[in-house]
Structures are given as structure tokens and as C-alpha cells.
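Reproduced below: query.pdb, with PDB, C-alpha atoms, pLDDT in the B column.
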```pdb
MODEL        1
ATOM      1  CA  VAL A   1     -12.602  23.666   0.644  1.00 91.00           C
ATOM      2  CA  VAL A   2     -10.801  26.989   0.273  1.00 93.00           C
ATOM      3  CA  LEU A   3      -7.016  26.859   0.383  1.00 93.00           C
ATOM      4  CA  THR A   4      -4.859  29.763   1.566  1.00 93.00           C
ATOM      5  CA  PRO A   5      -1.100  30.332   1.049  1.00 91.00           C
ATOM      6  CA  ALA A   6       0.992  28.261   3.443  1.00 83.00           C
ATOM      7  CA  GLY A   7       3.253  31.214   4.104  1.00 82.00           C
ATOM      8  CA  LYS A   8       0.387  33.143   5.687  1.00 85.00           C
ATOM      9  CA  GLY A   9      -0.154  30.417   8.264  1.00 84.00           C
ATOM     10  CA  MET A  10      -3.238  30.162  10.444  1.00 87.00           C
ATOM     11  CA  GLY A  11      -3.670  33.936  10.452  1.00 87.00           C
ATOM     12  CA  GLY A  12      -4.124  33.853   6.698  1.00 90.00           C
ATOM     13  CA  ALA A  13      -6.716  31.081   6.950  1.00 91.00           C
ATOM     14  CA  ILE A  14      -8.677  32.987   9.584  1.00 92.00           C
ATOM     15  CA  GLY A  15      -8.533  36.154   7.511  1.00 92.00           C
ATOM     16  CA  LYS A  16      -9.942  34.289   4.511  1.00 94.00           C
ATOM     17  CA  ALA A  17     -12.706  32.754   6.626  1.00 94.00           C
ATOM     18  CA  GLU A  18     -13.682  36.192   7.928  1.00 93.00           C
ATOM     19  CA  GLU A  19     -13.746  37.483   4.370  1.00 94.00           C
ATOM     20  CA  ILE A  20     -16.046  34.665   3.270  1.00 95.00           C
ATOM     21  CA  VAL A  21     -18.412  35.193   6.205  1.00 94.00           C
ATOM     22  CA  GLU A  22     -18.574  38.927   5.533  1.00 93.00           C
ATOM     23  CA  GLY A  23     -19.536  38.215   1.960  1.00 94.00           C
ATOM     24  CA  LEU A  24     -22.310  35.834   3.026  1.00 94.00           C
ATOM     25  CA  GLY A  25     -23.990  38.342   5.303  1.00 92.00           C
ATOM     26  CA  ASP A  26     -26.721  36.800   7.457  1.00 92.00           C
ATOM     27  CA  ASP A  27     -26.207  33.416   5.773  1.00 94.00           C
ATOM     28  CA  GLY A  28     -22.733  32.993   7.237  1.00 93.00           C
ATOM     29  CA  TYR A  29     -21.455  32.300  10.755  1.00 93.00           C
ATOM     30  CA  LEU A  30     -17.876  31.896  11.941  1.00 92.00           C
ATOM     31  CA  LEU A  31     -17.410  29.601  14.943  1.00 89.00           C
ATOM     32  CA  GLN A  32     -13.874  30.953  15.512  1.00 88.00           C
ATOM     33  CA  GLN A  33     -12.289  28.223  17.635  1.00 90.00           C
ATOM     34  CA  PHE A  34      -9.507  30.557  18.779  1.00 94.00           C
ATOM     35  CA  ASN A  35     -11.916  32.987  20.496  1.00 93.00           C
ATOM     36  CA  ASN A  36     -15.037  30.916  21.143  1.00 94.00           C
ATOM     37  CA  PRO A  37     -15.557  30.697  24.943  1.00 95.00           C
ATOM     38  CA  ASP A  38     -17.279  27.334  24.546  1.00 96.00           C
ATOM     39  CA  ASN A  39     -13.855  25.913  23.656  1.00 97.00           C
ATOM     40  CA  PRO A  40     -12.222  26.260  27.109  1.00 97.00           C
ATOM     41  CA  LYS A  41     -15.648  25.786  28.714  1.00 98.00           C
ATOM     42  CA  ILE A  42     -15.998  22.193  27.513  1.00 98.00           C
ATOM     43  CA  HIS A  43     -12.547  21.334  28.900  1.00 98.00           C
ATOM     44  CA  ARG A  44     -13.446  23.046  32.180  1.00 98.00           C
ATOM     45  CA  LEU A  45     -16.586  20.884  32.349  1.00 98.00           C
ATOM     46  CA  THR A  46     -15.192  17.565  31.068  1.00 98.00           C
ATOM     47  CA  THR A  47     -11.436  17.175  30.520  1.00 98.00           C
ATOM     48  CA  GLY A  48     -10.411  18.862  33.768  1.00 98.00           C
ATOM     49  CA  PRO A  49     -12.766  16.769  35.924  1.00 98.00           C
ATOM     50  CA  GLU A  50     -11.693  13.617  34.069  1.00 98.00           C
ATOM     51  CA  ILE A  51      -8.034  14.298  34.867  1.00 98.00           C
ATOM     52  CA  TRP A  52      -8.855  15.038  38.507  1.00 98.00           C
ATOM     53  CA  ASN A  53     -10.993  11.922  38.913  1.00 98.00           C
ATOM     54  CA  ASP A  54      -8.653   9.553  37.098  1.00 98.00           C
ATOM     55  CA  THR A  55      -5.653  10.695  39.169  1.00 98.00           C
ATOM     56  CA  GLU A  56      -7.728  10.814  42.373  1.00 97.00           C
ATOM     57  CA  GLY A  57      -6.672  14.416  42.750  1.00 97.00           C
ATOM     58  CA  LYS A  58      -2.989  13.545  42.687  1.00 97.00           C
ATOM     59  CA  VAL A  59      -1.631  15.506  39.740  1.00 98.00           C
ATOM     60  CA  ASP A  60       1.373  17.801  40.019  1.00 98.00           C
ATOM     61  CA  ILE A  61       1.990  18.946  36.447  1.00 98.00           C
ATOM     62  CA  LEU A  62      -0.263  19.163  33.395  1.00 98.00           C
ATOM     63  CA  VAL A  63       1.399  19.426  29.994  1.00 98.00           C
ATOM     64  CA  GLY A  64      -0.331  20.321  26.746  1.00 97.00           C
ATOM     65  CA  GLY A  65       0.317  21.893  23.396  1.00 97.00           C
ATOM     66  CA  VAL A  66      -1.292  25.254  22.686  1.00 97.00           C
ATOM     67  CA  GLY A  67      -3.224  25.458  19.444  1.00 95.00           C
ATOM     68  CA  THR A  68      -6.399  27.340  20.317  1.00 95.00           C
ATOM     69  CA  GLY A  69      -5.424  27.360  23.991  1.00 96.00           C
ATOM     70  CA  GLY A  70      -8.771  25.856  24.985  1.00 97.00           C
ATOM     71  CA  THR A  71      -7.569  22.570  26.458  1.00 97.00           C
ATOM     72  CA  LEU A  72      -4.901  23.907  28.802  1.00 98.00           C
ATOM     73  CA  THR A  73      -6.948  26.980  29.770  1.00 98.00           C
ATOM     74  CA  GLY A  74     -10.150  25.068  30.505  1.00 98.00           C
ATOM     75  CA  CYS A  75      -8.333  22.359  32.444  1.00 98.00           C
ATOM     76  CA  GLY A  76      -6.412  24.968  34.386  1.00 98.00           C
ATOM     77  CA  GLN A  77      -9.598  26.839  35.276  1.00 98.00           C
ATOM     78  CA  TYR A  78     -10.947  23.638  36.808  1.00 98.00           C
ATOM     79  CA  LEU A  79      -7.792  22.182  38.362  1.00 98.00           C
ATOM     80  CA  LYS A  80      -6.046  25.222  39.844  1.00 98.00           C
ATOM     81  CA  PRO A  81      -8.808  26.038  42.384  1.00 98.00           C
ATOM     82  CA  LEU A  82      -8.654  22.397  43.537  1.00 98.00           C
ATOM     83  CA  ASN A  83      -4.863  22.307  43.660  1.00 97.00           C
ATOM     84  CA  PRO A  84      -3.249  25.754  43.584  1.00 97.00           C
ATOM     85  CA  SER A  85       0.218  24.204  43.450  1.00 97.00           C
ATOM     86  CA  ILE A  86      -0.411  22.352  40.181  1.00 98.00           C
ATOM     87  CA  GLN A  87       1.837  23.514  37.357  1.00 98.00           C
ATOM     88  CA  LEU A  88       0.427  24.106  33.884  1.00 98.00           C
ATOM     89  CA  VAL A  89       3.063  23.786  31.181  1.00 98.00           C
ATOM     90  CA  ALA A  90       2.329  24.995  27.662  1.00 98.00           C
ATOM     91  CA  VAL A  91       4.134  23.536  24.661  1.00 98.00           C
ATOM     92  CA  GLU A  92       4.896  25.477  21.480  1.00 98.00           C
ATOM     93  CA  PRO A  93       7.166  25.084  18.432  1.00 97.00           C
ATOM     94  CA  VAL A  94      10.666  26.465  18.858  1.00 97.00           C
ATOM     95  CA  GLU A  95      10.305  27.749  15.299  1.00 95.00           C
ATOM     96  CA  SER A  96       7.258  29.878  16.210  1.00 95.00           C
ATOM     97  CA  ALA A  97       7.645  30.642  19.900  1.00 96.00           C
ATOM     98  CA  VAL A  98       5.144  33.478  20.292  1.00 96.00           C
ATOM     99  CA  LEU A  99       4.089  32.448  23.812  1.00 97.00           C
ATOM    100  CA  SER A 100       7.709  32.908  24.828  1.00 96.00           C
ATOM    101  CA  GLY A 101       7.829  36.352  23.253  1.00 96.00           C
ATOM    102  CA  GLY A 102       9.353  35.238  19.969  1.00 95.00           C
ATOM    103  CA  LYS A 103       8.280  35.851  16.397  1.00 94.00           C
ATOM    104  CA  PRO A 104       5.868  33.641  14.436  1.00 93.00           C
ATOM    105  CA  GLY A 105       7.343  31.413  11.789  1.00 91.00           C
ATOM    106  CA  PRO A 106       6.715  28.293   9.697  1.00 91.00           C
ATOM    107  CA  HIS A 107       6.993  24.972  11.491  1.00 92.00           C
ATOM    108  CA  LYS A 108       6.063  21.297  11.130  1.00 92.00           C
ATOM    109  CA  ILE A 109       3.969  20.768  14.269  1.00 94.00           C
ATOM    110  CA  GLN A 110       0.440  20.791  12.921  1.00 91.00           C
ATOM    111  CA  GLY A 111      -2.216  21.735  15.459  1.00 91.00           C
ATOM    112  CA  ILE A 112      -0.179  24.022  17.708  1.00 95.00           C
ATOM    113  CA  GLY A 113       1.789  27.226  17.225  1.00 94.00           C
ATOM    114  CA  ALA A 114      -0.773  29.311  15.333  1.00 92.00           C
ATOM    115  CA  GLY A 115       1.620  32.261  15.143  1.00 93.00           C
ATOM    116  CA  PHE A 116      -0.370  34.423  17.545  1.00 94.00           C
ATOM    117  CA  ILE A 117      -1.682  34.173  21.097  1.00 96.00           C
ATOM    118  CA  PRO A 118      -5.308  32.962  20.850  1.00 95.00           C
ATOM    119  CA  GLY A 119      -8.041  34.747  22.732  1.00 95.00           C
ATOM    120  CA  ASN A 120      -8.921  31.433  24.388  1.00 96.00           C
ATOM    121  CA  ALA A 121      -5.431  31.063  25.864  1.00 97.00           C
ATOM    122  CA  ASP A 122      -5.363  32.483  29.382  1.00 97.00           C
ATOM    123  CA  THR A 123      -1.597  32.727  29.666  1.00 97.00           C
ATOM    124  CA  SER A 124      -1.860  33.839  33.297  1.00 97.00           C
ATOM    125  CA  LEU A 125      -2.622  30.199  34.103  1.00 98.00           C
ATOM    126  CA  PHE A 126       0.562  28.942  32.434  1.00 98.00           C
ATOM    127  CA  ASP A 127       3.465  28.394  34.821  1.00 98.00           C
ATOM    128  CA  GLU A 128       5.970  27.586  32.094  1.00 98.00           C
ATOM    129  CA  VAL A 129       6.288  27.382  28.325  1.00 98.00           C
ATOM    130  CA  ILE A 130       8.498  24.712  26.769  1.00 98.00           C
ATOM    131  CA  GLN A 131       9.653  24.934  23.183  1.00 98.00           C
ATOM    132  CA  VAL A 132      10.030  21.782  21.091  1.00 98.00           C
ATOM    133  CA  SER A 133      11.301  21.554  17.525  1.00 97.00           C
ATOM    134  CA  GLY A 134       9.422  19.937  14.682  1.00 96.00           C
ATOM    135  CA  GLU A 135      12.079  17.251  14.279  1.00 96.00           C
ATOM    136  CA  GLU A 136      12.002  16.404  17.999  1.00 97.00           C
ATOM    137  CA  SER A 137       8.215  16.180  17.865  1.00 97.00           C
ATOM    138  CA  MET A 138       8.178  13.805  14.902  1.00 96.00           C
ATOM    139  CA  GLU A 139      10.914  11.648  16.376  1.00 96.00           C
ATOM    140  CA  MET A 140       8.959  11.321  19.614  1.00 97.00           C
ATOM    141  CA  ALA A 141       5.693  10.568  17.787  1.00 96.00           C
ATOM    142  CA  ARG A 142       7.449   7.740  15.915  1.00 95.00           C
ATOM    143  CA  THR A 143       8.898   6.457  19.185  1.00 96.00           C
ATOM    144  CA  MET A 144       5.447   6.471  20.764  1.00 97.00           C
ATOM    145  CA  ALA A 145       4.159   4.294  17.924  1.00 95.00           C
ATOM    146  CA  THR A 146       7.027   1.811  17.829  1.00 94.00           C
ATOM    147  CA  LYS A 147       7.906   1.589  21.529  1.00 96.00           C
ATOM    148  CA  GLU A 148       4.663   2.355  23.373  1.00 96.00           C
ATOM    149  CA  GLY A 149       2.024   1.294  20.845  1.00 96.00           C
ATOM    150  CA  ILE A 150       0.467   4.773  20.879  1.00 97.00           C
ATOM    151  CA  PHE A 151      -0.202   5.914  17.317  1.00 96.00           C
ATOM    152  CA  CYS A 152      -0.291   9.680  17.707  1.00 96.00           C
ATOM    153  CA  GLY A 153       0.341  12.848  15.730  1.00 96.00           C
ATOM    154  CA  ILE A 154       3.103  15.433  15.653  1.00 96.00           C
ATOM    155  CA  SER A 155       1.738  17.774  18.316  1.00 96.00           C
ATOM    156  CA  SER A 156       1.310  14.811  20.640  1.00 97.00           C
ATOM    157  CA  GLY A 157       4.963  14.009  20.108  1.00 97.00           C
ATOM    158  CA  ALA A 158       5.791  17.583  21.097  1.00 97.00           C
ATOM    159  CA  ALA A 159       3.759  17.301  24.302  1.00 98.00           C
ATOM    160  CA  VAL A 160       5.338  13.995  25.300  1.00 98.00           C
ATOM    161  CA  LYS A 161       8.813  15.346  24.566  1.00 98.00           C
ATOM    162  CA  ALA A 162       8.107  18.305  26.855  1.00 98.00           C
ATOM    163  CA  ALA A 163       6.737  16.000  29.560  1.00 98.00           C
ATOM    164  CA  LEU A 164       9.901  13.879  29.458  1.00 98.00           C
ATOM    165  CA  THR A 165      12.008  17.031  29.723  1.00 97.00           C
ATOM    166  CA  LEU A 166      10.083  17.998  32.840  1.00 98.00           C
ATOM    167  CA  GLY A 167      10.278  14.487  34.267  1.00 97.00           C
ATOM    168  CA  ALA A 168      14.070  14.476  33.930  1.00 97.00           C
ATOM    169  CA  ARG A 169      14.424  17.457  36.256  1.00 97.00           C
ATOM    170  CA  GLU A 170      15.579  16.626  39.758  1.00 97.00           C
ATOM    171  CA  GLU A 171      12.920  18.815  41.366  1.00 97.00           C
ATOM    172  CA  ASN A 172      10.192  16.788  39.643  1.00 97.00           C
ATOM    173  CA  LYS A 173      11.341  13.407  40.899  1.00 96.00           C
ATOM    174  CA  GLY A 174       8.340  11.429  42.165  1.00 96.00           C
ATOM    175  CA  LYS A 175       5.807  13.913  40.808  1.00 97.00           C
ATOM    176  CA  ARG A 176       2.849  12.871  38.675  1.00 98.00           C
ATOM    177  CA  ILE A 177       2.877  14.459  35.237  1.00 98.00           C
ATOM    178  CA  VAL A 178      -0.226  14.304  33.047  1.00 98.00           C
ATOM    179  CA  VAL A 179       0.240  14.980  29.348  1.00 98.00           C
ATOM    180  CA  VAL A 180      -2.551  15.553  26.845  1.00 96.00           C
ATOM    181  CA  ILE A 181      -2.225  13.488  23.640  1.00 96.00           C
ATOM    182  CA  PRO A 182      -4.865  15.008  21.339  1.00 93.00           C
ATOM    183  CA  SER A 183      -4.096  13.594  17.904  1.00 89.00           C
ATOM    184  CA  PHE A 184      -4.409  10.272  16.072  1.00 91.00           C
ATOM    185  CA  GLY A 185      -1.540   9.108  13.874  1.00 92.00           C
ATOM    186  CA  GLU A 186      -3.644   8.087  10.875  1.00 92.00           C
ATOM    187  CA  ARG A 187      -4.328  11.748  10.143  1.00 91.00           C
ATOM    188  CA  TYR A 188      -0.623  12.234   9.459  1.00 91.00           C
ATOM    189  CA  LEU A 189       0.129   9.327   7.124  1.00 91.00           C
ATOM    190  CA  SER A 190       0.702  11.659   4.170  1.00 89.00           C
ATOM    191  CA  THR A 191       2.870  14.127   6.094  1.00 90.00           C
ATOM    192  CA  ALA A 192       6.548  14.372   6.923  1.00 90.00           C
ATOM    193  CA  LEU A 193       5.876  12.338  10.083  1.00 93.00           C
ATOM    194  CA  PHE A 194       5.786   9.108   8.089  1.00 90.00           C
ATOM    195  CA  GLN A 195       7.802  10.156   5.045  1.00 90.00           C
ATOM    196  CA  ASN A 196      10.515   7.686   6.039  1.00 87.00           C
ATOM    197  CA  LEU A 197       8.031   4.817   5.641  1.00 86.00           C
ATOM    198  CA  TRP A 198       6.936   6.084   2.227  1.00 87.00           C
ATOM    199  CA  ASP A 199      10.578   6.287   1.163  1.00 90.00           C
ATOM    200  CA  GLU A 200      11.282   2.809   2.499  1.00 89.00           C
ATOM    201  CA  ALA A 201       8.273   1.364   0.664  1.00 89.00           C
ATOM    202  CA  ALA A 202       9.211   3.114  -2.575  1.00 89.00           C
ATOM    203  CA  ALA A 203      12.694   1.643  -2.407  1.00 93.00           C
ATOM    204  CA  LEU A 204      11.451  -1.955  -2.067  1.00 92.00           C
ATOM    205  CA  LYS A 205      12.315  -4.200  -4.978  1.00 91.00           C
ATOM    206  CA  PRO A 206      10.748  -7.566  -5.886  1.00 88.00           C
ATOM    207  CA  GLU A 207      12.895 -10.588  -5.062  1.00 82.00           C
TER
ENDMDL
END
```
Give the structure from this file in C-alpha cells form.
Amino acid sequence: VVLTPAGKGMGGAIGKAEEIVEGLGDDGYLLQQFNNPDNPKIHRLTTGPEIWNDTEGKVDILVGGVGTGGTLTGCGQYLKPLNPSIQLVAVEPVESAVLSGGKPGPHKIQGIGAGFIPGNADTSLFDEVIQVSGEESMEMARTMATKEGIFCGISSGAAVKAALTLGAREENKGKRIVVVIPSFGERYLSTALFQNLWDEAAALKPE
């Protein structure tokens, strides 16, 4: 495992990976999830059809966080020809809102908001971009666990928060909103998402 400075974000990690591959010559290969066309392709072939089949073609809005851009792009490539009126809504951190034309910055929503627009993200398919803060995302992820029994990660909390924002709009009343929840909560036990539980456990005293 090679660690890179947190301040350099995902761009710094990619730069280091490219450096390592260059040094390995023919013995190295970089899959590059942000630009690999097989990324959106697999969602075009599997996730998109699954959404269409499970909703019996009745889906009005699809919401998903943008990390590599593969999920939302691939699904959109499959779903939009079948339903041109479907809305694709991308979710990004308010602290690093590059899809909205803002500047990259540090944030707490692991898995989305790479700080640049990935090659796999076909932004022409996106009808709207919603920004969600790290705190809102973590609060929603905790709510999903305690109220809905869905143990998910921070980026999933961001996506659900965005979906609820959309659902609260008058023009979306009665519409079916599908939201992609891509992360499992156990991967975040040592992060800020569950820091409150660590603090609570540390404060426990024997009776």
C-alpha cells in the first residue's frame, strides 16, 4: 500500500499510481477507473437494465453520487433511450462542487467528489447536480441505519439526502425516484461517520 498526502486528494493518488506504473515499464498496468470505458459499460449492461426491470419501466428520476461517474453515466446511457423524459441527478459534495463549476476542496464524503470531472462522467446526460454537505451525508447515513435498517456509507447518505430533497418538491409529487446506495456501513466504522459511537463507548464506566 502506498499512501499519498491527504491534501492532494484523489488527483494526488492517481498521479502517484501513474508514476509507479511508469517506473515498472511493461510489468505495470493501470486500470484507471476514472477513464476506463468498461466502468460505465458494466452499468449500461447490468445496473440500468436491473433498474428498468425492477420498476417495470416506471422510473422518473435516478439519483446517484458521482465518484468515477460510471454508475450514473452507464445507467443513463441505457435508460434515456427507453425513457427520454427520465431525469438523471448527480450528487456531489458542497465542499468540492466541481460538477457545478466550483473549485475542488477537502470533504468528508468518501467515494464521490474526486476534485475533477472524470473521463467516465458524461455530464451531458445529467439533468441536475445537487450538492450535499459532509455533515448532512453522515447524518442521513446514521438515520438510514437507525430508522430504516439500512447500514450504508457516507456517499449513500448523500444520495438519499439528495433524493429526499427532490421528493419534497411539488413538481415531483407522485413520481418514482430511484436512488443508488453503493456503500456498506461496515467499511466506515473507523471514520467520522461513527465517531459518536466510539466516543459514547469510551465514556462508558463500569457500574
With the PyMOL selection byres ((chain A and resi 158) around 8) as the selection, what would be picked from this file? Answer as a list in words, please. Gly65, Val91, Glu92, Ile109, Val132, Ser133, Gly134, Glu136, Ser137, Met138, Met140, Ala141, Ile154, Ser155, Ser156, Gly157, Ala159, Val160, Lys161 and Ala162 of chain A
When distances are computed from all atoms listed in the file, which of A:Gln87, A:Ser96, A:Asn196, A:Asn39 shows the smallest separation from Ile177 (chain A)?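 That would be A:Gln87, the residue with the smallest distance to Ile177 (chain A).
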Return the single residue from A:Val94, A:Leu166, A:Ala121, A:Leu189 that is closest to Pro40 (chain A), with distances computed using all atoms listed in the file. A:Ala121
What does the structure give for the distance between CA of Arg44 (chain A) and CA of Lys175 (chain A), in Å to one decimal?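 Separation of CA of Arg44 (chain A) and CA of Lys175 (chain A): 23.0 Å.
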Could you spell out the hits of the PyMOL selection byres ((chain A and resi 128) around 12) on the shown file, as an MDAnalysis selection string? chainID A and resid 61:65 72 86:92 99:100 123:127 129:131 162:163 166
Using all atoms listed in the file, can you tell me which of A:Leu3, A:Val21, A:Ala192, A:Leu31 comes closest to Lys108 (chain A)? A:Ala192
Gap from CA of Gly105 (chain A) to CA of Gln195 (chain A) - Å, one decimal: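 Here the two named atoms are 22.3 Å from each other.
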